[in-house]
>>> print(open('start13.txt').read())   # compact mmCIF, C-alpha atoms
# COMPACT_ATOMS: atom_id res chain seq x y z
CA MET A 894 0.00 0.00 0.00
CA SER A 895 1.37 3.39 -1.00
CA GLU A 896 2.06 6.16 1.49
CA ARG A 897 -0.75 8.19 -0.06
CA GLN A 898 -3.20 5.34 0.42
CA THR A 899 -2.05 4.88 4.01
CA ASP A 900 -2.66 8.58 4.64
CA ALA A 901 -6.08 8.37 3.00
CA LEU A 902 -7.05 5.40 5.15
CA ALA A 903 -5.86 7.12 8.32
CA ARG A 904 -7.79 10.25 7.36
CA ALA A 905 -10.97 8.27 6.68
CA ARG A 906 -10.66 6.52 10.03
CA ALA A 907 -10.10 9.80 11.89
CA VAL A 908 -13.13 11.45 10.26
CA ALA A 909 -15.34 8.45 11.04
CA LEU A 910 -14.16 8.31 14.65
CA ASP A 911 -14.80 12.05 15.09
CA GLU A 912 -18.34 11.48 13.86
CA LEU A 913 -18.78 8.54 16.22
CA ARG A 914 -17.59 10.59 19.19
CA ALA A 915 -19.86 13.49 18.24
CA ALA A 916 -22.94 11.23 18.12
CA PRO A 917 -22.32 8.02 20.09
CA ALA A 918 -26.05 7.13 20.16
CA PRO A 919 -27.54 6.70 16.69
CA THR A 920 -31.11 7.64 15.81
CA PRO A 921 -32.97 4.46 14.78
CA TRP A 922 -34.45 4.57 11.30
CA ARG A 923 -37.88 3.88 12.78
CA ALA A 924 -37.76 7.25 14.54
CA HIS A 925 -37.18 9.01 11.21
CA ALA A 926 -39.89 6.94 9.54
CA ARG A 927 -42.41 7.68 12.31
CA ARG A 928 -41.59 11.38 12.04
CA VAL A 929 -42.26 11.40 8.30
CA ALA A 930 -45.43 9.32 8.56
CA GLY A 931 -46.56 11.53 11.45
CA ALA A 932 -45.94 14.70 9.44
CA PHE A 933 -47.98 13.33 6.54
CA VAL A 934 -50.91 12.25 8.71
CA ALA A 935 -50.82 15.30 10.99
CA THR A 936 -50.84 17.74 8.06
CA GLY A 937 -53.88 15.99 6.62
CA ALA A 938 -55.62 15.92 9.99
CA VAL A 939 -54.91 19.61 10.63
CA ALA A 940 -56.23 20.45 7.16
CA ALA A 941 -59.41 18.48 7.89
CA VAL A 942 -59.95 20.22 11.23
CA ALA A 943 -59.27 23.60 9.61
CA ALA A 944 -61.82 22.82 6.90
CA VAL A 945 -64.45 22.03 9.55
CA VAL A 946 -63.60 25.05 11.72
CA THR A 947 -63.77 27.43 8.76
CA ALA A 948 -67.04 25.85 7.63
CA LEU A 949 -65.55 24.67 4.33
CA ALA A 950 -66.67 21.21 5.34
CA ASP A 951 -69.33 19.81 7.64
CA TRP A 952 -69.61 16.57 9.54
CA GLY A 953 -72.09 15.24 7.02
CA GLY A 954 -69.54 15.72 4.24
CA ILE A 955 -66.89 14.02 6.30
CA ALA A 956 -69.17 11.06 6.98
CA ALA A 957 -70.07 10.78 3.31
CA ARG A 958 -66.42 10.66 2.30
CA ALA A 959 -65.15 8.74 5.31
CA TRP A 960 -63.96 5.78 3.24
CA LEU A 961 -61.88 7.98 0.91
CA LEU A 962 -60.50 10.02 3.82
CA ALA A 963 -59.51 6.84 5.65
CA GLN A 964 -57.72 5.57 2.54
CA LEU A 965 -55.87 8.87 2.19
CA LEU A 966 -54.72 8.78 5.82
CA ALA A 967 -53.69 5.14 5.50
CA LEU A 968 -51.71 5.90 2.35
CA ALA A 969 -50.04 8.84 4.11
CA ALA A 970 -48.96 6.68 7.04
CA VAL A 971 -47.74 3.70 5.01
CA ALA A 972 -45.99 5.86 2.40
CA GLY A 973 -44.15 7.87 5.04
CA TYR A 974 -42.98 4.78 6.88
CA ALA A 975 -42.14 2.66 3.84
CA ALA A 976 -40.19 5.46 2.16
CA LEU A 977 -37.67 5.44 5.00
CA ALA A 978 -37.50 1.72 5.77
CA PRO A 979 -34.22 -0.03 4.90
CA ARG A 980 -36.21 -3.01 3.61
CA LEU A 981 -40.02 -3.15 3.18
CA HIS A 982 -39.64 -3.18 -0.62
CA ALA A 983 -43.08 -4.77 -0.90
CA ALA A 984 -44.65 -1.97 1.14
CA ARG A 985 -43.07 0.64 -1.15
CA ALA A 986 -44.29 -1.26 -4.19
CA ALA A 987 -47.77 -1.39 -2.65
CA VAL A 988 -47.70 2.39 -2.15
CA LEU A 989 -46.69 2.90 -5.77
CA VAL A 990 -49.65 0.81 -6.88
CA ALA A 991 -52.13 2.16 -4.33
CA ALA A 992 -51.41 5.87 -4.93
CA PRO A 993 -52.50 6.00 -8.61
CA LEU A 994 -55.46 3.76 -7.82
CA LEU A 995 -56.54 6.14 -5.08
CA MET A 996 -56.08 9.12 -7.41
CA ALA A 997 -58.36 7.40 -9.92
CA GLU A 998 -60.85 6.61 -7.18
CA LEU A 999 -60.95 10.29 -6.12
CA VAL A 1000 -61.71 11.32 -9.70
CA LEU A 1001 -64.35 8.67 -10.32
CA ALA A 1002 -66.04 9.08 -6.94
CA ARG A 1003 -66.63 12.78 -7.53
CA GLY A 1004 -69.03 12.43 -10.45
CA ALA A 1005 -70.43 15.62 -12.02
CA GLY A 1006 -69.90 17.69 -8.90
CA LEU A 1007 -71.31 21.13 -8.07
CA PRO A 1008 -70.55 24.53 -9.59
CA SER A 1009 -68.41 26.97 -7.61
CA GLN A 1010 -67.52 30.67 -7.82
CA THR A 1011 -63.96 30.07 -6.59
CA PRO A 1012 -61.34 30.06 -9.36
CA GLU A 1013 -60.16 26.52 -10.12
CA TRP A 1014 -56.50 27.39 -9.69
CA VAL A 1015 -57.14 28.02 -5.99
CA CYS A 1016 -57.53 24.26 -5.57
CA SER A 1017 -54.24 23.58 -7.37
CA VAL A 1018 -52.37 26.15 -5.32
CA SER A 1019 -53.85 25.11 -1.96
CA HIS A 1020 -53.28 21.39 -2.69
CA PHE A 1021 -49.67 22.05 -3.69
CA ALA A 1022 -48.98 24.50 -0.85
CA LEU A 1023 -50.37 22.12 1.76
CA GLY A 1024 -47.99 19.45 0.50
CA LEU A 1025 -44.89 21.60 0.96
CA LEU A 1026 -44.51 21.12 4.72
CA PRO A 1027 -44.71 17.29 4.66
CA LEU A 1028 -42.58 17.36 1.52
CA GLY A 1029 -39.89 19.30 3.39
CA VAL A 1030 -39.94 16.76 6.23
CA ALA A 1031 -39.71 13.91 3.71
CA LEU A 1032 -36.82 15.49 1.83
CA TRP A 1033 -34.92 16.02 5.08
CA ALA A 1034 -35.50 12.40 6.08
CA LEU A 1035 -34.61 10.98 2.67
CA ARG A 1036 -31.11 12.40 3.12
CA GLN A 1037 -30.54 9.76 5.80
CA CYS A 1038 -30.25 7.02 3.17
CA ALA A 1039 -29.13 6.41 -0.39
CA TRP A 1040 -31.41 7.72 -3.11
CA ARG A 1041 -33.86 5.27 -4.61
CA TRP A 1042 -36.56 6.33 -7.02
CA THR A 1043 -39.07 4.09 -5.22
CA ARG A 1044 -38.36 5.90 -1.93
CA ALA A 1045 -38.73 9.31 -3.58
CA LEU A 1046 -41.98 8.35 -5.31
CA ALA A 1047 -43.46 6.89 -2.13
CA ALA A 1048 -42.47 9.97 -0.11
CA GLY A 1049 -43.92 12.30 -2.75
CA ALA A 1050 -47.15 10.30 -2.91
CA GLY A 1051 -47.46 10.49 0.88
CA ALA A 1052 -46.73 14.23 1.00
CA GLY A 1053 -49.50 14.89 -1.52
CA THR A 1054 -52.21 13.19 0.53
CA ALA A 1055 -52.77 16.22 2.82
CA GLY A 1056 -53.88 18.40 -0.10
CA ALA A 1057 -56.05 15.59 -1.44
CA LEU A 1058 -57.70 15.28 1.95
CA LEU A 1059 -58.46 19.00 2.04
CA GLY A 1060 -59.75 18.78 -1.53
CA GLU A 1061 -62.14 16.00 -0.58
CA LEU A 1062 -63.57 18.11 2.23
CA ALA A 1063 -63.57 21.61 0.80
CA CYS A 1064 -63.97 21.15 -2.96
CA HIS A 1065 -67.22 19.94 -4.49
CA ARG A 1066 -66.45 20.29 -8.18
CA GLY A 1067 -66.59 17.39 -10.63
CA GLY A 1068 -64.17 14.65 -11.60
CA THR A 1069 -62.46 16.58 -14.41
CA HIS A 1070 -61.59 19.36 -11.98
CA VAL A 1071 -60.24 16.80 -9.49
CA LEU A 1072 -58.14 15.19 -12.21
CA VAL A 1073 -56.60 18.44 -13.45
CA HIS A 1074 -56.35 20.58 -10.32
CA HIS A 1075 -55.98 18.07 -7.48
CA VAL A 1076 -54.35 15.01 -9.03
CA GLY A 1077 -52.23 17.41 -11.11
CA ALA A 1078 -51.03 19.20 -7.98
CA TRP A 1079 -50.44 15.86 -6.26
CA LEU A 1080 -48.32 14.65 -9.19
CA ALA A 1081 -46.41 17.94 -9.13
CA ILE A 1082 -45.52 17.25 -5.48
CA VAL A 1083 -44.36 13.74 -6.40
CA ALA A 1084 -42.25 15.13 -9.25
CA LEU A 1085 -40.76 17.81 -6.99
CA CYS A 1086 -39.90 15.19 -4.38
CA VAL A 1087 -38.13 13.03 -6.96
CA LEU A 1088 -36.22 15.92 -8.53
CA VAL A 1089 -35.10 17.60 -5.31
CA SER A 1090 -34.16 14.38 -3.52
CA ARG A 1091 -32.21 13.27 -6.60
CA ARG A 1092 -30.20 16.47 -6.66
CA ALA A 1093 -29.67 16.79 -2.90
CA ARG A 1094 -26.51 15.27 -1.53
CA PRO A 1095 -27.49 12.50 0.89
CA ARG A 1096 -26.10 12.56 4.40
CA THR A 1097 -25.46 8.83 4.19
CA PHE A 1098 -25.40 6.21 1.44
CA ALA A 1099 -26.86 3.39 3.53
CA PRO A 1100 -29.57 1.21 2.01
CA MET B 1380 -2.30 -3.87 -1.75
CA ASN B 1381 -3.58 -6.98 -0.08
CA LEU B 1382 -6.90 -7.86 -1.64
CA SER B 1383 -7.51 -11.02 0.32
CA GLU B 1384 -10.81 -10.45 2.03
CA PRO B 1385 -11.87 -11.84 5.38
CA SER B 1386 -14.75 -14.22 5.28
CA GLN B 1387 -17.94 -13.30 7.09
CA SER B 1388 -17.08 -14.22 10.67
CA PRO B 1389 -19.58 -14.55 13.50
CA GLY B 1390 -17.72 -11.70 15.15
CA ASP B 1391 -19.07 -9.18 12.66
CA ASP B 1392 -22.53 -9.18 14.21
CA ASP B 1393 -21.15 -8.73 17.72
CA LEU B 1394 -18.82 -5.98 16.58
CA MET B 1395 -21.67 -4.26 14.80
CA GLN B 1396 -23.89 -4.38 17.87
CA ARG B 1397 -21.11 -2.88 19.98
CA PHE B 1398 -20.32 -0.28 17.32
CA CYS B 1399 -24.01 0.68 17.17
CA ARG B 1400 -23.77 1.46 20.89
CA GLY B 1401 -20.86 3.81 20.22
CA ASP B 1402 -17.93 1.43 20.91
CA GLU B 1403 -14.87 2.89 19.14
CA ALA B 1404 -12.82 -0.30 19.46
CA ALA B 1405 -15.52 -2.27 17.67
CA PHE B 1406 -15.60 0.33 14.91
CA ASP B 1407 -11.82 0.12 14.62
CA MET B 1408 -11.92 -3.65 14.19
CA LEU B 1409 -14.56 -3.44 11.50
CA TYR B 1410 -12.59 -0.64 9.84
CA GLN B 1411 -9.38 -2.68 9.83
CA ARG B 1412 -11.27 -5.67 8.48
CA TYR B 1413 -13.00 -3.97 5.56
CA THR B 1414 -11.06 -0.88 4.62
CA ALA B 1415 -8.63 -2.49 2.11
CA PRO B 1416 -11.21 -4.52 0.17
CA ILE B 1417 -13.61 -1.59 0.06
CA LEU B 1418 -10.87 0.71 -1.26
CA ALA B 1419 -9.97 -1.86 -3.93
CA TYR B 1420 -13.62 -2.19 -4.90
CA LEU B 1421 -14.16 1.56 -5.11
CA THR B 1422 -10.99 2.03 -7.14
CA ARG B 1423 -12.20 -0.51 -9.67
CA MET B 1424 -15.64 1.05 -9.84
CA VAL B 1425 -14.70 4.72 -10.31
CA ARG B 1426 -11.39 4.29 -12.20
CA ASP B 1427 -9.84 7.14 -10.22
CA PRO B 1428 -7.66 6.25 -7.20
CA ALA B 1429 -7.92 9.72 -5.65
CA LEU B 1430 -11.72 9.72 -6.00
CA ALA B 1431 -11.81 6.19 -4.58
CA GLU B 1432 -9.95 7.40 -1.48
CA ASP B 1433 -12.48 10.20 -1.05
CA LEU B 1434 -15.27 7.67 -1.45
CA LEU B 1435 -13.68 5.40 1.13
CA GLN B 1436 -13.96 8.27 3.60
CA THR B 1437 -17.55 8.89 2.50
CA THR B 1438 -18.34 5.21 2.89
CA PHE B 1439 -17.08 4.95 6.45
CA LEU B 1440 -18.58 8.30 7.40
CA SER B 1441 -21.91 6.94 6.12
CA PHE B 1442 -21.24 3.71 7.97
CA VAL B 1443 -21.02 5.68 11.23
CA ARG B 1444 -23.86 8.11 10.52
CA ALA B 1445 -26.26 5.44 9.25
CA ARG B 1446 -25.71 2.78 11.89
CA GLY B 1447 -29.22 3.53 13.13
CA ARG B 1448 -30.40 2.01 9.84
CA TYR B 1449 -28.56 -1.25 10.45
CA GLU B 1450 -30.88 -4.06 11.44
CA ALA B 1451 -29.62 -6.96 13.53
CA GLY B 1452 -29.00 -10.03 11.41
CA THR B 1453 -28.07 -8.07 8.29
CA ASN B 1454 -24.82 -9.29 6.74
CA VAL B 1455 -22.33 -6.62 7.85
CA ARG B 1456 -19.93 -7.12 4.94
CA ALA B 1457 -22.75 -6.87 2.39
CA TRP B 1458 -24.09 -3.77 4.19
CA ILE B 1459 -20.75 -1.97 3.95
CA TYR B 1460 -20.45 -2.93 0.29
CA ALA B 1461 -23.97 -1.58 -0.25
CA ILE B 1462 -22.91 1.78 1.21
CA ALA B 1463 -19.76 1.81 -0.94
CA THR B 1464 -21.77 0.88 -4.05
CA ASN B 1465 -24.26 3.68 -3.44
CA ALA B 1466 -21.48 6.19 -2.78
CA GLY B 1467 -19.68 5.11 -5.96
CA ARG B 1468 -22.85 5.31 -8.07
CA ASP B 1469 -23.59 8.77 -6.72
CA ALA B 1470 -20.06 9.95 -7.49
CA MET B 1471 -20.22 8.56 -11.02
CA ARG B 1472 -23.62 10.11 -11.62
CA ARG B 1473 -22.38 13.51 -10.46
CA ALA B 1474 -19.18 13.07 -12.48
CA ARG B 1475 -21.26 12.45 -15.62
CA ALA B 1476 -22.76 15.86 -14.99
CA ARG B 1477 -19.18 17.21 -14.84
CA PRO B 1478 -17.33 15.27 -17.56
CA ASP B 1479 -13.94 16.67 -16.51
CA ARG B 1480 -13.93 14.14 -13.66
CA LEU B 1481 -14.00 11.13 -15.98
CA THR B 1482 -11.29 9.68 -18.15
CA ASP B 1483 -12.57 9.11 -21.65
CA THR B 1484 -10.10 6.45 -22.70
CA GLY B 1485 -11.90 3.64 -20.94
CA LEU B 1486 -8.49 2.40 -19.77
CA ALA B 1487 -7.88 1.80 -16.13
CA PRO B 1488 -4.98 3.60 -14.51
CA ALA B 1489 -2.15 1.22 -13.68
CA ALA B 1490 -2.87 1.60 -9.98
CA ILE B 1491 -6.25 -0.04 -10.46
CA ALA B 1492 -4.69 -3.17 -11.86
CA GLU B 1493 -2.66 -3.60 -8.69
CA GLY B 1494 -3.43 -6.98 -7.25
CA ALA B 1495 -5.87 -7.94 -10.01
CA GLY B 1496 -6.42 -11.53 -11.09
CA PRO B 1497 -3.80 -12.44 -13.73
CA ARG B 1498 -0.18 -12.14 -12.59
CA ASP B 1499 0.95 -10.96 -16.02
CA PRO B 1500 0.75 -7.13 -15.79
CA ALA B 1501 -0.33 -6.83 -19.42
CA ALA B 1502 -3.08 -9.40 -18.92
CA ALA B 1503 -4.16 -7.67 -15.71
CA ARG B 1504 -4.44 -4.37 -17.55
CA ALA B 1505 -6.40 -6.06 -20.34
CA VAL B 1506 -8.84 -7.52 -17.81
CA GLU B 1507 -9.23 -4.19 -16.02
CA SER B 1508 -9.71 -2.41 -19.34
CA ALA B 1509 -12.35 -4.93 -20.39
CA LEU B 1510 -14.06 -4.54 -17.00
CA MET B 1511 -14.36 -0.81 -17.59
CA ARG B 1512 -16.19 -1.49 -20.84
CA LEU B 1513 -18.92 -3.46 -19.09
CA PRO B 1514 -22.18 -1.71 -18.24
CA LEU B 1515 -22.02 -0.46 -14.65
CA GLU B 1516 -24.52 -2.97 -13.27
CA GLN B 1517 -22.64 -5.90 -14.81
CA ARG B 1518 -19.29 -4.50 -13.70
CA GLU B 1519 -20.51 -4.22 -10.12
CA ALA B 1520 -21.70 -7.83 -10.13
CA VAL B 1521 -18.52 -9.19 -11.72
CA VAL B 1522 -16.18 -7.21 -9.45
CA LEU B 1523 -18.10 -8.15 -6.31
CA SER B 1524 -18.27 -11.80 -7.33
CA LYS B 1525 -14.89 -12.51 -8.91
CA LEU B 1526 -12.58 -9.94 -7.33
CA GLN B 1527 -14.15 -9.15 -3.97
CA GLU B 1528 -15.36 -12.74 -3.57
CA LEU B 1529 -18.80 -11.95 -2.18
CA SER B 1530 -21.49 -14.61 -2.29
CA PHE B 1531 -24.51 -13.96 -4.50
CA GLU B 1532 -26.60 -13.41 -1.37
CA GLU B 1533 -24.15 -10.71 -0.29
CA ILE B 1534 -24.08 -9.21 -3.79
CA ALA B 1535 -27.87 -9.08 -3.80
CA THR B 1536 -27.81 -7.16 -0.50
CA ALA B 1537 -25.02 -4.87 -1.65
CA LEU B 1538 -26.77 -3.98 -4.91
CA GLY B 1539 -30.31 -3.94 -3.52
CA ILE B 1540 -31.54 -6.60 -5.95
CA SER B 1541 -32.70 -10.21 -5.76
CA VAL B 1542 -30.23 -13.11 -5.70
CA ALA B 1543 -31.51 -14.24 -9.10
CA ALA B 1544 -30.94 -10.78 -10.57
CA ALA B 1545 -27.41 -10.72 -9.12
CA LYS B 1546 -26.64 -14.06 -10.79
CA VAL B 1547 -28.04 -12.87 -14.12
CA ARG B 1548 -26.01 -9.64 -14.02
CA ALA B 1549 -22.82 -11.51 -13.13
CA HIS B 1550 -23.41 -14.16 -15.79
CA ARG B 1551 -23.99 -11.54 -18.47
CA GLY B 1552 -20.92 -9.68 -17.27
CA TYR B 1553 -18.71 -12.80 -17.47
CA GLN B 1554 -20.04 -13.53 -20.93
CA ARG B 1555 -19.32 -10.00 -22.13
CA LEU B 1556 -15.91 -10.08 -20.47
CA ARG B 1557 -15.02 -13.33 -22.26
CA ASP B 1558 -16.12 -11.83 -25.57
CA LEU B 1559 -13.96 -8.76 -24.98
CA LEU B 1560 -10.89 -10.73 -23.91
CA ALA B 1561 -11.08 -13.55 -26.44
CA PRO B 1562 -9.40 -11.60 -29.26
CA LEU B 1563 -6.55 -10.74 -26.87
CA GLY B 1564 -5.99 -14.36 -25.88
CA VAL B 1565 -6.66 -13.56 -22.20
CA GLU B 1566 -8.95 -15.74 -20.10
CA ALA B 1567 -11.61 -13.97 -18.07
>>> encode(input="start13.txt", output="structure tokens")
Amino acid sequence: MSERQTDALARARAVALDELRAAPAPTPWRAHARRVAGAFVATGAVAAVAAVVTALADWGGIAARAWLLAQLLALAAVAGYAALAPRLHAARAAVLVAAPLLMAELVLARGAGLPSQTPEWVCSVSHFALGLLPLGVALWALRQCAWRWTRALAAGAGAGTAGALLGELACHRGGTHVLVHHVGAWLAIVALCVLVSRRARPRTFAP
Amino acid sequence: MNLSEPSQSPGDDDLMQRFCRGDEAAFDMLYQRYTAPILAYLTRMVRDPALAEDLLQTTFLSFVRARGRYEAGTNVRAWIYAIATNAGRDAMRRARARPDRLTDTGLAPAAIAEGAGPRDPAAARAVESALMRLPLEQREAVVLSKLQELSFEEIATALGISVAAAKVRAHRGYQRLRDLLAPLGVEA
């Protein structure tokens, strides 16, 4: 081994030991995963409460859409957890299948809908904006492991559920509107998650 | 450089558990055990000895930072190779965005051939050169299998694929390697 290689090895060891001394107790991956799943679910729940408090939604509307809301919350929780798990490949695959199916279900379940005076873009903007906070949490957490497109897609799909939940409660327009302005915003969040996480330098390269 | 690699010993799991609790001595033993083979692997993957040394540091820094992601029972050697593979892929992807970091000859620097299979230096260089012409996923599988002597189960863990996929990639890589070396009269 050359002197340069010996120096490089000694340097690598010293840097790693400094890191170990600085943080002798590691944070388990489950803590990160719970944080992300919690952020996804909590944002959706806060949006739902806000919709009720501001009279954008009523309890009758919530009851009528309970099945869809439950699916959205379940997707948020599973997507957040699976995106960060070292293994759970099947759970990530399930999220990647379930998310587009749920998007289709939201569109088809809406039917003709009701007319509204509010500009349609308000739905796009509010759906997208509501996804930014959980997206930020997901992007921070995704830096704890090596980039995988399945992780990024699952995290993006989970981050977009909060806006979809608000849309289900506060928007009463038809399926075409849901497809363009809600599913479109949701897909934009997924795309943003993939692009930003791909470009960001991960903190670790662990699986 | 000594490329002989330690076999997976029962001690790895114990060392890893101690290391996960912050034990520096356990980290040191794992570091001593895996640093040379990981450096050899990275050098072969990125074709640039200086970059490989940087990646070695990145790999072990990740190893420390990400130990909360280690799950008991995971093959430690395969897990470290997985980190090194991911770090190498990331470096190569970023280097493609900055072409000045890549050599365009496709020839391995002499340092990479150090310790490679054939004892004849010319044959070693031919093998290394042919390796560089393999698609990345095949090169990873061939290097991990033939040169780093990982089992296919370990390769599957290191590359994040199934055992069957690891075997297919390695088989295709060997086949391509044989095709590339046949005209030169060198055995893969």
>>> closest_atom_pairs(input="start13.txt", of="chain B", to="chain A", cutoff="9 Å", atoms="all atoms listed in the file", output="tab-separated table")
residue	atom	partner	partner_atom	distance
B:Met1380	CA	A:Met894	CA	4.8
B:Asn1381	CA	A:Met894	CA	7.8
B:Phe1398	CA	A:Pro917	CA	9.0
B:Cys1399	CA	A:Pro919	CA	7.0
B:Arg1400	CA	A:Ala918	CA	6.2
B:Gly1401	CA	A:Pro917	CA	4.5
B:Asp1402	CA	A:Pro917	CA	8.0
B:Glu1403	CA	A:Leu910	CA	7.1
B:Phe1406	CA	A:Leu910	CA	8.1
B:Asp1407	CA	A:Arg906	CA	8.0
B:Tyr1410	CA	A:Arg906	CA	7.4
B:Thr1414	CA	A:Leu902	CA	7.5
B:Ala1415	CA	A:Leu902	CA	8.6
B:Leu1418	CA	A:Leu902	CA	8.8
B:Pro1428	CA	A:Gln898	CA	8.9
B:Ala1429	CA	A:Gln898	CA	8.8
B:Glu1432	CA	A:Ala901	CA	6.0
B:Asp1433	CA	A:Ala901	CA	7.8
B:Leu1435	CA	A:Ala905	CA	6.8
B:Gln1436	CA	A:Ala905	CA	4.3
B:Thr1437	CA	A:Ala905	CA	7.8
B:Thr1438	CA	A:Phe1098	CA	7.3
B:Phe1439	CA	A:Ala909	CA	6.0
B:Leu1440	CA	A:Ala909	CA	4.9
B:Ser1441	CA	A:Thr1097	CA	4.5
B:Phe1442	CA	A:Ala1099	CA	7.2
B:Val1443	CA	A:Leu913	CA	6.2
B:Arg1444	CA	A:Thr1097	CA	6.6
B:Ala1445	CA	A:Ala1099	CA	6.1
B:Arg1446	CA	A:Pro919	CA	6.5
B:Gly1447	CA	A:Pro921	CA	4.2
B:Arg1448	CA	A:Trp922	CA	5.0
B:Tyr1449	CA	A:Pro979	CA	8.0
B:Glu1450	CA	A:Pro979	CA	8.4
B:Trp1458	CA	A:Ala1099	CA	7.7
B:Ile1459	CA	A:Ala1099	CA	8.1
B:Ala1461	CA	A:Pro1100	CA	6.7
B:Ile1462	CA	A:Ala1099	CA	4.9
B:Ala1463	CA	A:Phe1098	CA	7.5
B:Thr1464	CA	A:Phe1098	CA	8.5
B:Asn1465	CA	A:Phe1098	CA	5.6
B:Ala1466	CA	A:Phe1098	CA	5.8
B:Asp1469	CA	A:Trp1040	CA	8.7
B:Thr1536	CA	A:Pro1100	CA	8.9
B:Ala1537	CA	A:Pro1100	CA	8.4
B:Gly1539	CA	A:Pro1100	CA	7.6
>>> atom_distance(input="start13.txt", atom1="CA of Arg1003 (chain A)", atom2="CA of Gly1068 (chain A)")
5.1 Å
>>> residues_near_point(input="start13.txt", point="(-69.5, 16.3, -2.8)", cutoff="12 Å", atoms="all atoms listed in the file", output="mmCIF file with C-alpha atoms, in the coordinates of the input")
data_model
loop_
_atom_site.group_PDB
_atom_site.id
_atom_site.type_symbol
_atom_site.label_atom_id
_atom_site.label_comp_id
_atom_site.auth_asym_id
_atom_site.auth_seq_id
_atom_site.Cartn_x
_atom_site.Cartn_y
_atom_site.Cartn_z
ATOM 1 C CA LEU A 949 -65.550 24.670 4.330
ATOM 2 C CA ALA A 950 -66.670 21.210 5.340
ATOM 3 C CA ASP A 951 -69.330 19.810 7.640
ATOM 4 C CA GLY A 953 -72.090 15.240 7.020
ATOM 5 C CA GLY A 954 -69.540 15.720 4.240
ATOM 6 C CA ILE A 955 -66.890 14.020 6.300
ATOM 7 C CA ALA A 956 -69.170 11.060 6.980
ATOM 8 C CA ALA A 957 -70.070 10.780 3.310
ATOM 9 C CA ARG A 958 -66.420 10.660 2.300
ATOM 10 C CA ALA A 959 -65.150 8.740 5.310
ATOM 11 C CA LEU A 961 -61.880 7.980 0.910
ATOM 12 C CA LEU A 999 -60.950 10.290 -6.120
ATOM 13 C CA VAL A 1000 -61.710 11.320 -9.700
ATOM 14 C CA LEU A 1001 -64.350 8.670 -10.320
ATOM 15 C CA ALA A 1002 -66.040 9.080 -6.940
ATOM 16 C CA ARG A 1003 -66.630 12.780 -7.530
ATOM 17 C CA GLY A 1004 -69.030 12.430 -10.450
ATOM 18 C CA ALA A 1005 -70.430 15.620 -12.020
ATOM 19 C CA GLY A 1006 -69.900 17.690 -8.900
ATOM 20 C CA LEU A 1007 -71.310 21.130 -8.070
ATOM 21 C CA PRO A 1008 -70.550 24.530 -9.590
ATOM 22 C CA SER A 1009 -68.410 26.970 -7.610
ATOM 23 C CA GLY A 1060 -59.750 18.780 -1.530
ATOM 24 C CA GLU A 1061 -62.140 16.000 -0.580
ATOM 25 C CA LEU A 1062 -63.570 18.110 2.230
ATOM 26 C CA ALA A 1063 -63.570 21.610 0.800
ATOM 27 C CA CYS A 1064 -63.970 21.150 -2.960
ATOM 28 C CA HIS A 1065 -67.220 19.940 -4.490
ATOM 29 C CA ARG A 1066 -66.450 20.290 -8.180
ATOM 30 C CA GLY A 1067 -66.590 17.390 -10.630
ATOM 31 C CA GLY A 1068 -64.170 14.650 -11.600
ATOM 32 C CA VAL A 1071 -60.240 16.800 -9.490
#
>>> atom_distance(input="start13.txt", atom1="CA of Val1087 (chain A)", atom2="CA of Met996 (chain A)")
18.4 Å
>>> atom_distance(input="start13.txt", atom1="CA of Cys1086 (chain A)", atom2="CA of Ser1017 (chain A)")
16.9 Å
>>> residues_around(input="start13.txt", residues="Ala1509 (chain B)", least_positions_apart="5", cutoff="8 Å", atoms="all atoms listed in the file", output="number ranges by chain")
B: 1556, 1559-1560
>>> residues_around(input="start13.txt", residues="Asn1454 (chain B)", least_positions_apart="2", cutoff="8 Å", atoms="only C-alpha atoms", output="PyMOL selection string")
chain B and resi 1387+1392+1452+1456-1458+1533
>>> residues_around(input="start13.txt", residues="Gly937 (chain A)", least_positions_apart="5", cutoff="8 Å", atoms="only C-alpha atoms", output="count of residues only")
6
>>> residues_near_point(input="start13.txt", point="(-48.3, 11.9, 7.5)", cutoff="12 Å", atoms="all atoms listed in the file", output="PyMOL selection string")
chain A and resi 926-940+965-976+1023-1024+1026-1031+1047-1056+1058
>>> closest_residue(input="start13.txt", among="B:Ala1505, B:Tyr1413, B:Leu1529, B:Ala1545", to="Arg1557 (chain B)", atoms="all atoms listed in the file")
B:Ala1505
>>> decode(input="start13.txt", residues="region 1462-1476 of chain B", atoms="C-alpha atoms", output="PDB file, in the first residue's frame")
ATOM      1  CA  ILE B1462     -22.910   1.776   1.206  1.00  0.00           C
ATOM      2  CA  ALA B1463     -19.759   1.809  -0.940  1.00  0.00           C
ATOM      3  CA  THR B1464     -21.770   0.882  -4.047  1.00  0.00           C
ATOM      4  CA  ASN B1465     -24.258   3.675  -3.436  1.00  0.00           C
ATOM      5  CA  ALA B1466     -21.481   6.188  -2.783  1.00  0.00           C
ATOM      6  CA  GLY B1467     -19.683   5.108  -5.961  1.00  0.00           C
ATOM      7  CA  ARG B1468     -22.850   5.308  -8.067  1.00  0.00           C
ATOM      8  CA  ASP B1469     -23.595   8.766  -6.722  1.00  0.00           C
ATOM      9  CA  ALA B1470     -20.063   9.952  -7.486  1.00  0.00           C
ATOM     10  CA  MET B1471     -20.215   8.555 -11.018  1.00  0.00           C
ATOM     11  CA  ARG B1472     -23.620  10.114 -11.621  1.00  0.00           C
ATOM     12  CA  ARG B1473     -22.381  13.512 -10.456  1.00  0.00           C
ATOM     13  CA  ALA B1474     -19.184  13.072 -12.483  1.00  0.00           C
ATOM     14  CA  ARG B1475     -21.255  12.448 -15.621  1.00  0.00           C
ATOM     15  CA  ALA B1476     -22.765  15.856 -14.991  1.00  0.00           C
TER      16      ALA B1476
END
